[in-house]
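See below for start-v5.cif, which holds mmCIF, N, CA and C atoms.
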```cif
data_data
loop_
_atom_site.group_PDB
_atom_site.id
_atom_site.type_symbol
_atom_site.label_atom_id
_atom_site.label_comp_id
_atom_site.auth_asym_id
_atom_site.auth_seq_id
_atom_site.Cartn_x
_atom_site.Cartn_y
_atom_site.Cartn_z
ATOM 1 N N MET G 240 -1.617 0.689 -14.873
ATOM 2 C CA MET G 240 -1.707 -0.191 -13.711
ATOM 3 C C MET G 240 -0.373 -0.891 -13.447
ATOM 4 N N LYS G 241 0.493 -0.880 -14.451
ATOM 5 C CA LYS G 241 1.774 -1.549 -14.323
ATOM 6 C C LYS G 241 2.630 -0.995 -13.194
ATOM 7 N N TYR G 242 2.702 0.314 -13.123
ATOM 8 C CA TYR G 242 3.621 0.965 -12.198
ATOM 9 C C TYR G 242 2.949 1.456 -10.918
ATOM 10 N N ILE G 243 1.735 1.025 -10.665
ATOM 11 C CA ILE G 243 1.003 1.508 -9.493
ATOM 12 C C ILE G 243 1.721 1.136 -8.202
ATOM 13 N N ASN G 244 2.366 -0.033 -8.169
ATOM 14 C CA ASN G 244 3.119 -0.445 -6.976
ATOM 15 C C ASN G 244 4.252 0.536 -6.680
ATOM 16 N N LEU G 245 4.980 0.931 -7.735
ATOM 17 C CA LEU G 245 6.101 1.849 -7.540
ATOM 18 C C LEU G 245 5.625 3.244 -7.137
ATOM 19 N N ILE G 246 4.536 3.687 -7.731
ATOM 20 C CA ILE G 246 3.992 5.006 -7.389
ATOM 21 C C ILE G 246 3.550 5.024 -5.934
ATOM 22 N N LEU G 247 2.825 3.988 -5.514
ATOM 23 C CA LEU G 247 2.363 3.926 -4.125
ATOM 24 C C LEU G 247 3.549 3.790 -3.170
ATOM 25 N N ALA G 248 4.563 3.019 -3.547
ATOM 26 C CA ALA G 248 5.761 2.891 -2.706
ATOM 27 C C ALA G 248 6.431 4.251 -2.525
ATOM 28 N N ALA G 249 6.504 5.035 -3.598
ATOM 29 C CA ALA G 249 7.097 6.373 -3.506
ATOM 30 C C ALA G 249 6.258 7.278 -2.607
ATOM 31 N N LEU G 250 4.937 7.204 -2.736
ATOM 32 C CA LEU G 250 4.064 8.008 -1.867
ATOM 33 C C LEU G 250 4.256 7.630 -0.405
ATOM 34 N N LEU G 251 4.386 6.333 -0.128
ATOM 35 C CA LEU G 251 4.567 5.884 1.250
ATOM 36 C C LEU G 251 5.924 6.321 1.802
ATOM 37 N N LEU G 252 6.952 6.250 0.982
ATOM 38 C CA LEU G 252 8.273 6.669 1.445
ATOM 39 C C LEU G 252 8.339 8.184 1.650
ATOM 40 N N LEU G 253 7.554 8.932 0.887
ATOM 41 C CA LEU G 253 7.490 10.381 1.086
ATOM 42 C C LEU G 253 6.857 10.738 2.429
ATOM 43 N N CYS G 254 6.105 9.799 2.995
ATOM 44 C CA CYS G 254 5.497 10.032 4.309
ATOM 45 C C CYS G 254 6.547 10.135 5.412
ATOM 46 N N LEU G 255 7.771 9.718 5.128
ATOM 47 C CA LEU G 255 8.844 9.831 6.117
ATOM 48 C C LEU G 255 9.271 11.286 6.311
ATOM 49 N N ALA G 256 9.043 12.102 5.300
ATOM 50 C CA ALA G 256 9.379 13.525 5.386
ATOM 51 C C ALA G 256 8.245 14.270 6.087
ATOM 52 N N PRO G 257 8.555 15.382 6.708
ATOM 53 C CA PRO G 257 7.474 16.173 7.322
ATOM 54 C C PRO G 257 6.591 16.791 6.233
ATOM 55 N N MET G 258 5.357 16.370 6.203
ATOM 56 C CA MET G 258 4.402 16.824 5.191
ATOM 57 C C MET G 258 3.168 17.380 5.899
ATOM 58 N N PRO G 259 2.346 18.154 5.183
ATOM 59 C CA PRO G 259 1.090 18.611 5.784
ATOM 60 C C PRO G 259 0.158 17.420 6.041
ATOM 61 N N TYR G 260 -0.723 17.575 7.010
ATOM 62 C CA TYR G 260 -1.612 16.481 7.397
ATOM 63 C C TYR G 260 -2.474 16.015 6.227
ATOM 64 N N GLY G 261 -2.858 16.942 5.353
ATOM 65 C CA GLY G 261 -3.677 16.581 4.190
ATOM 66 C C GLY G 261 -2.991 15.569 3.287
ATOM 67 N N TYR G 262 -1.669 15.632 3.193
ATOM 68 C CA TYR G 262 -0.929 14.667 2.379
ATOM 69 C C TYR G 262 -1.103 13.258 2.936
ATOM 70 N N TYR G 263 -1.005 13.128 4.251
ATOM 71 C CA TYR G 263 -1.149 11.812 4.874
ATOM 72 C C TYR G 263 -2.562 11.266 4.655
ATOM 73 N N GLN G 264 -3.555 12.137 4.729
ATOM 74 C CA GLN G 264 -4.934 11.715 4.475
ATOM 75 C C GLN G 264 -5.085 11.233 3.032
ATOM 76 N N LEU G 265 -4.493 11.979 2.092
ATOM 77 C CA LEU G 265 -4.547 11.594 0.684
ATOM 78 C C LEU G 265 -3.876 10.240 0.464
ATOM 79 N N VAL G 266 -2.715 10.057 1.069
ATOM 80 C CA VAL G 266 -1.987 8.791 0.921
ATOM 81 C C VAL G 266 -2.805 7.649 1.503
ATOM 82 N N ARG G 267 -3.454 7.870 2.627
ATOM 83 C CA ARG G 267 -4.278 6.819 3.224
ATOM 84 C C ARG G 267 -5.432 6.432 2.297
ATOM 85 N N PHE G 268 -6.071 7.423 1.688
ATOM 86 C CA PHE G 268 -7.187 7.133 0.793
ATOM 87 C C PHE G 268 -6.709 6.397 -0.462
ATOM 88 N N VAL G 269 -5.633 6.911 -1.076
ATOM 89 C CA VAL G 269 -5.085 6.273 -2.280
ATOM 90 C C VAL G 269 -4.626 4.852 -1.953
ATOM 91 N N SER G 270 -3.978 4.687 -0.799
ATOM 92 C CA SER G 270 -3.511 3.359 -0.395
ATOM 93 C C SER G 270 -4.673 2.398 -0.223
ATOM 94 N N MET G 271 -5.740 2.861 0.410
ATOM 95 C CA MET G 271 -6.904 1.997 0.611
ATOM 96 C C MET G 271 -7.452 1.511 -0.738
ATOM 97 N N VAL G 272 -7.576 2.420 -1.691
ATOM 98 C CA VAL G 272 -8.118 2.058 -3.004
ATOM 99 C C VAL G 272 -7.188 1.084 -3.724
ATOM 100 N N VAL G 273 -5.891 1.384 -3.724
ATOM 101 C CA VAL G 273 -4.927 0.520 -4.425
ATOM 102 C C VAL G 273 -4.830 -0.843 -3.750
ATOM 103 N N PHE G 274 -4.788 -0.873 -2.420
ATOM 104 C CA PHE G 274 -4.710 -2.157 -1.729
ATOM 105 C C PHE G 274 -5.973 -2.980 -1.949
ATOM 106 N N GLY G 275 -7.117 -2.325 -2.009
ATOM 107 C CA GLY G 275 -8.360 -3.038 -2.316
ATOM 108 C C GLY G 275 -8.311 -3.643 -3.713
ATOM 109 N N ALA G 276 -7.814 -2.871 -4.683
ATOM 110 C CA ALA G 276 -7.692 -3.365 -6.058
ATOM 111 C C ALA G 276 -6.690 -4.515 -6.134
ATOM 112 N N LEU G 277 -5.575 -4.392 -5.406
ATOM 113 C CA LEU G 277 -4.590 -5.478 -5.404
ATOM 114 C C LEU G 277 -5.145 -6.732 -4.729
ATOM 115 N N ALA G 278 -5.918 -6.560 -3.670
ATOM 116 C CA ALA G 278 -6.538 -7.718 -3.013
ATOM 117 C C ALA G 278 -7.466 -8.435 -3.995
ATOM 118 N N TYR G 279 -8.231 -7.674 -4.747
ATOM 119 C CA TYR G 279 -9.131 -8.283 -5.734
ATOM 120 C C TYR G 279 -8.333 -8.969 -6.843
ATOM 121 N N ARG G 280 -7.251 -8.336 -7.278
ATOM 122 C CA ARG G 280 -6.405 -8.921 -8.320
ATOM 123 C C ARG G 280 -5.844 -10.272 -7.875
ATOM 124 N N TYR G 281 -5.359 -10.329 -6.637
ATOM 125 C CA TYR G 281 -4.798 -11.587 -6.147
ATOM 126 C C TYR G 281 -5.886 -12.603 -5.821
ATOM 127 N N TYR G 282 -7.091 -12.126 -5.533
ATOM 128 C CA TYR G 282 -8.229 -13.037 -5.365
ATOM 129 C C TYR G 282 -8.512 -13.740 -6.693
ATOM 130 N N GLU G 283 -8.502 -12.979 -7.786
ATOM 131 C CA GLU G 283 -8.738 -13.554 -9.109
ATOM 132 C C GLU G 283 -7.629 -14.523 -9.506
ATOM 133 N N LYS G 284 -6.392 -14.234 -9.067
ATOM 134 C CA LYS G 284 -5.260 -15.115 -9.382
ATOM 135 C C LYS G 284 -5.171 -16.300 -8.419
ATOM 136 N N LYS G 285 -6.095 -16.353 -7.461
ATOM 137 C CA LYS G 285 -6.157 -17.415 -6.454
ATOM 138 C C LYS G 285 -4.889 -17.478 -5.595
ATOM 139 N N GLN G 286 -4.338 -16.315 -5.281
ATOM 140 C CA GLN G 286 -3.193 -16.216 -4.368
ATOM 141 C C GLN G 286 -3.721 -15.650 -3.051
ATOM 142 N N GLU G 287 -4.227 -16.563 -2.230
ATOM 143 C CA GLU G 287 -4.961 -16.156 -1.033
ATOM 144 C C GLU G 287 -4.112 -15.411 -0.009
ATOM 145 N N GLY G 288 -2.844 -15.759 0.118
ATOM 146 C CA GLY G 288 -1.986 -15.074 1.085
ATOM 147 C C GLY G 288 -1.854 -13.592 0.768
ATOM 148 N N LEU G 289 -1.571 -13.283 -0.496
ATOM 149 C CA LEU G 289 -1.447 -11.883 -0.897
ATOM 150 C C LEU G 289 -2.799 -11.179 -0.861
ATOM 151 N N MET G 290 -3.869 -11.909 -1.158
ATOM 152 C CA MET G 290 -5.197 -11.319 -1.082
ATOM 153 C C MET G 290 -5.500 -10.869 0.350
ATOM 154 N N VAL G 291 -5.213 -11.725 1.316
ATOM 155 C CA VAL G 291 -5.466 -11.387 2.719
ATOM 156 C C VAL G 291 -4.560 -10.238 3.153
ATOM 157 N N LEU G 292 -3.286 -10.269 2.748
ATOM 158 C CA LEU G 292 -2.346 -9.200 3.101
ATOM 159 C C LEU G 292 -2.857 -7.852 2.615
ATOM 160 N N PHE G 293 -3.225 -7.756 1.349
ATOM 161 C CA PHE G 293 -3.654 -6.475 0.812
ATOM 162 C C PHE G 293 -5.034 -6.079 1.312
ATOM 163 N N GLY G 294 -5.886 -7.042 1.617
ATOM 164 C CA GLY G 294 -7.159 -6.714 2.249
ATOM 165 C C GLY G 294 -6.948 -6.111 3.628
ATOM 166 N N ALA G 295 -6.026 -6.697 4.390
ATOM 167 C CA ALA G 295 -5.720 -6.167 5.721
ATOM 168 C C ALA G 295 -5.077 -4.785 5.620
ATOM 169 N N LEU G 296 -4.206 -4.583 4.637
ATOM 170 C CA LEU G 296 -3.591 -3.273 4.453
ATOM 171 C C LEU G 296 -4.627 -2.226 4.046
ATOM 172 N N ALA G 297 -5.605 -2.634 3.234
ATOM 173 C CA ALA G 297 -6.680 -1.697 2.872
ATOM 174 C C ALA G 297 -7.435 -1.258 4.121
ATOM 175 N N LEU G 298 -7.681 -2.185 5.032
ATOM 176 C CA LEU G 298 -8.359 -1.826 6.288
ATOM 177 C C LEU G 298 -7.476 -0.969 7.186
ATOM 178 N N LEU G 299 -6.191 -1.264 7.225
ATOM 179 C CA LEU G 299 -5.273 -0.500 8.070
ATOM 180 C C LEU G 299 -5.132 0.940 7.579
ATOM 181 N N PHE G 300 -5.063 1.121 6.270
ATOM 182 C CA PHE G 300 -4.818 2.446 5.713
ATOM 183 C C PHE G 300 -6.091 3.242 5.453
ATOM 184 N N GLN G 301 -7.264 2.663 5.668
ATOM 185 C CA GLN G 301 -8.500 3.395 5.375
ATOM 186 C C GLN G 301 -8.550 4.688 6.188
ATOM 187 N N PRO G 302 -9.020 5.787 5.564
ATOM 188 C CA PRO G 302 -8.947 7.098 6.224
ATOM 189 C C PRO G 302 -10.166 7.446 7.085
ATOM 190 N N PHE G 303 -11.153 6.590 7.168
ATOM 191 C CA PHE G 303 -12.405 6.951 7.826
ATOM 192 C C PHE G 303 -12.355 6.782 9.339
ATOM 193 N N VAL G 304 -11.751 5.698 9.798
ATOM 194 C CA VAL G 304 -11.563 5.468 11.232
ATOM 195 C C VAL G 304 -10.051 5.403 11.452
ATOM 196 N N LYS G 305 -9.503 6.424 12.064
ATOM 197 C CA LYS G 305 -8.056 6.533 12.197
ATOM 198 C C LYS G 305 -7.503 5.453 13.125
ATOM 199 N N VAL G 306 -6.465 4.782 12.655
ATOM 200 C CA VAL G 306 -5.752 3.792 13.453
ATOM 201 C C VAL G 306 -4.545 4.514 14.047
ATOM 202 N N ALA G 307 -4.539 4.662 15.356
ATOM 203 C CA ALA G 307 -3.485 5.423 16.025
ATOM 204 C C ALA G 307 -2.311 4.502 16.362
ATOM 205 N N LEU G 308 -1.285 4.538 15.521
ATOM 206 C CA LEU G 308 -0.090 3.734 15.765
ATOM 207 C C LEU G 308 1.079 4.589 16.245
ATOM 208 N N GLY G 309 0.972 5.887 16.100
ATOM 209 C CA GLY G 309 2.093 6.754 16.442
ATOM 210 C C GLY G 309 2.982 6.967 15.233
ATOM 211 N N ARG G 310 3.653 8.079 15.205
ATOM 212 C CA ARG G 310 4.463 8.456 14.037
ATOM 213 C C ARG G 310 5.561 7.438 13.720
ATOM 214 N N THR G 311 6.263 6.979 14.738
ATOM 215 C CA THR G 311 7.363 6.036 14.518
ATOM 216 C C THR G 311 6.859 4.718 13.937
ATOM 217 N N MET G 312 5.790 4.195 14.503
ATOM 218 C CA MET G 312 5.245 2.920 14.017
ATOM 219 C C MET G 312 4.702 3.059 12.598
ATOM 220 N N TRP G 313 4.052 4.193 12.305
ATOM 221 C CA TRP G 313 3.562 4.409 10.937
ATOM 222 C C TRP G 313 4.729 4.481 9.963
ATOM 223 N N ASN G 314 5.845 5.089 10.372
ATOM 224 C CA ASN G 314 7.017 5.144 9.498
ATOM 225 C C ASN G 314 7.543 3.749 9.200
ATOM 226 N N VAL G 315 7.575 2.891 10.212
ATOM 227 C CA VAL G 315 8.015 1.502 10.018
ATOM 228 C C VAL G 315 7.062 0.788 9.063
ATOM 229 N N VAL G 316 5.763 0.948 9.281
ATOM 230 C CA VAL G 316 4.760 0.314 8.417
ATOM 231 C C VAL G 316 4.923 0.810 6.981
ATOM 232 N N ASP G 317 5.090 2.115 6.801
ATOM 233 C CA ASP G 317 5.249 2.675 5.458
ATOM 234 C C ASP G 317 6.455 2.092 4.740
ATOM 235 N N VAL G 318 7.576 1.969 5.434
ATOM 236 C CA VAL G 318 8.793 1.437 4.808
ATOM 237 C C VAL G 318 8.619 -0.047 4.471
ATOM 238 N N VAL G 319 8.069 -0.815 5.395
ATOM 239 C CA VAL G 319 7.883 -2.262 5.155
ATOM 240 C C VAL G 319 6.936 -2.489 3.980
ATOM 241 N N VAL G 320 5.837 -1.752 3.947
ATOM 242 C CA VAL G 320 4.865 -1.909 2.861
ATOM 243 C C VAL G 320 5.478 -1.457 1.537
ATOM 244 N N ALA G 321 6.263 -0.380 1.545
ATOM 245 C CA ALA G 321 6.919 0.072 0.321
ATOM 246 C C ALA G 321 7.869 -1.001 -0.199
ATOM 247 N N ILE G 322 8.611 -1.637 0.694
ATOM 248 C CA ILE G 322 9.525 -2.709 0.282
ATOM 249 C C ILE G 322 8.743 -3.877 -0.311
ATOM 250 N N ILE G 323 7.637 -4.240 0.309
ATOM 251 C CA ILE G 323 6.797 -5.334 -0.217
ATOM 252 C C ILE G 323 6.300 -4.989 -1.616
ATOM 253 N N LEU G 324 5.843 -3.754 -1.813
ATOM 254 C CA LEU G 324 5.338 -3.339 -3.122
ATOM 255 C C LEU G 324 6.429 -3.375 -4.180
ATOM 256 N N ILE G 325 7.623 -2.954 -3.816
ATOM 257 C CA ILE G 325 8.738 -2.961 -4.775
ATOM 258 C C ILE G 325 9.138 -4.397 -5.118
ATOM 259 N N VAL G 326 9.191 -5.266 -4.120
ATOM 260 C CA VAL G 326 9.537 -6.669 -4.362
ATOM 261 C C VAL G 326 8.496 -7.327 -5.270
ATOM 262 N N LEU G 327 7.222 -7.074 -5.020
ATOM 263 C CA LEU G 327 6.175 -7.652 -5.875
ATOM 264 C C LEU G 327 6.248 -7.103 -7.298
ATOM 265 N N PHE G 328 6.599 -5.813 -7.437
ATOM 266 C CA PHE G 328 6.759 -5.237 -8.764
ATOM 267 C C PHE G 328 7.875 -5.944 -9.521
ATOM 268 N N VAL G 329 9.015 -6.139 -8.871
ATOM 269 C CA VAL G 329 10.152 -6.799 -9.513
ATOM 270 C C VAL G 329 9.790 -8.246 -9.857
ATOM 271 N N LYS G 330 9.109 -8.922 -8.941
ATOM 272 C CA LYS G 330 8.705 -10.309 -9.179
ATOM 273 C C LYS G 330 7.750 -10.413 -10.361
ATOM 274 N N ASP G 331 6.784 -9.478 -10.430
ATOM 275 C CA ASP G 331 5.828 -9.499 -11.549
ATOM 276 C C ASP G 331 6.507 -9.173 -12.876
ATOM 277 N N ARG G 332 7.526 -8.337 -12.846
ATOM 278 C CA ARG G 332 8.248 -7.992 -14.083
ATOM 279 C C ARG G 332 9.020 -9.186 -14.625
ATOM 280 N N LYS G 333 9.500 -10.065 -13.728
ATOM 281 C CA LYS G 333 10.264 -11.235 -14.169
ATOM 282 C C LYS G 333 9.359 -12.293 -14.790
ATOM 283 N N GLU G 334 8.085 -12.288 -14.389
ATOM 284 C CA GLU G 334 7.164 -13.327 -14.911
ATOM 285 C C GLU G 334 6.664 -13.037 -16.293
#
```

So, in terms of structure tokens, how does the structure I just supplied come out?
Amino acid sequence: MKYINLILAALLLLCLAPMPYGYYQLVRFVSMVVFGALAYRYYEKKQEGLMVLFGALALLFQPFVKVALGRTMWNVVDVVVAIILIVLFVKDRKE
């Protein structure tokens, strides 16, 4: 569970490359599960801001009802979320 942020960040950054559609579906499902787990983790730590952020990301990335943002916007979202995950990983490592 330690490196899950980095693994998910790498998966999201790989979405910038042209991949088969199944890869994007897999990333959306994995992201939903990981973001849900992170939301619960931050709920237990009583960090409500991060809990809401990851809960919203779990809803955004869920694969059941597609959110049509367009390829460019999804690329921006993927990069921003990957940066957030990497920053949180570094912050957690310092603590």

Length of the CA of Gly288 (chain G) to CA of Trp313 (chain G) vector [Å]
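Result for CA of Gly288 (chain G) versus CA of Trp313 (chain G): 22.5 Å, one decimal.
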
Students should find that atom N of Arg280 (chain G) and CA of Leu265 (chain G) are spaced 21.6 Å

Counting all atoms listed in the file, closest pick from G:Met258, G:Leu289, G:Ile322, G:Leu327 relative to Leu277 (chain G) is G:Leu289

In Å and to one decimal, CA of Ile325 (chain G) is distant from CA of Gln264 (chain G) by 22.1 Å

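Using all atoms listed in the file for every distance, the candidate list G:Ala321, G:Ala256, G:Met271, G:Ala249 yields G:Met271 as the residue closest to Phe300 (chain G).
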
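The nearest approach to Val291 (chain G) among the residues G:Asn244, G:Ile323, G:Tyr279, G:Val318, with all atoms listed in the file taken into account, belongs to G:Tyr279.
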
Could you expand the PyMOL selection byres ((chain G and resi 297) around 6.5) into the explicit residues it covers here, written as a ChimeraX atom specification? /G:270-272,274-275,292-296,298-301

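Taking all atoms listed in the file into account, Leu250 (chain G) lies nearest to G:Asp317 out of the set G:Ala276, G:Glu283, G:Lys330, G:Asp317.
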
Restricting the calculation to only C-alpha atoms, which member of G:Lys333, G:Tyr281, G:Phe328, G:Val315 is positioned closest to Lys241 (chain G)?
->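 Nearest candidate to Lys241 (chain G) out of G:Lys333, G:Tyr281, G:Phe328, G:Val315: G:Phe328.
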
- Query: In terms of the shortest atom-to-atom distance over only N, CA and C atoms, which of G:Glu334, G:Leu252, G:Met290, G:Met312 is closest to Ala278 (chain G)?
  - Reply: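 Residue with the minimum atom-to-atom distance to Ala278 (chain G): G:Met290.
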
Determine which residues of region 261-329 of chain G receive a DSSP assignment of alpha helix (DSSP H), computed from the backbone, and state them as a ChimeraX atom specification.
/G:261-283,287-300,310-329

Using all atoms of region 262-267 of chain G listed in the file and a margin of 5 Å per side, can you give the axis-aligned box centre and edge lengths in Å to one decimal, as JSON?
```
{"center_x": -3.2, "center_y": 11.0, "center_z": 2.7, "size_x": 14.5, "size_y": 19.2, "size_z": 14.4}
```
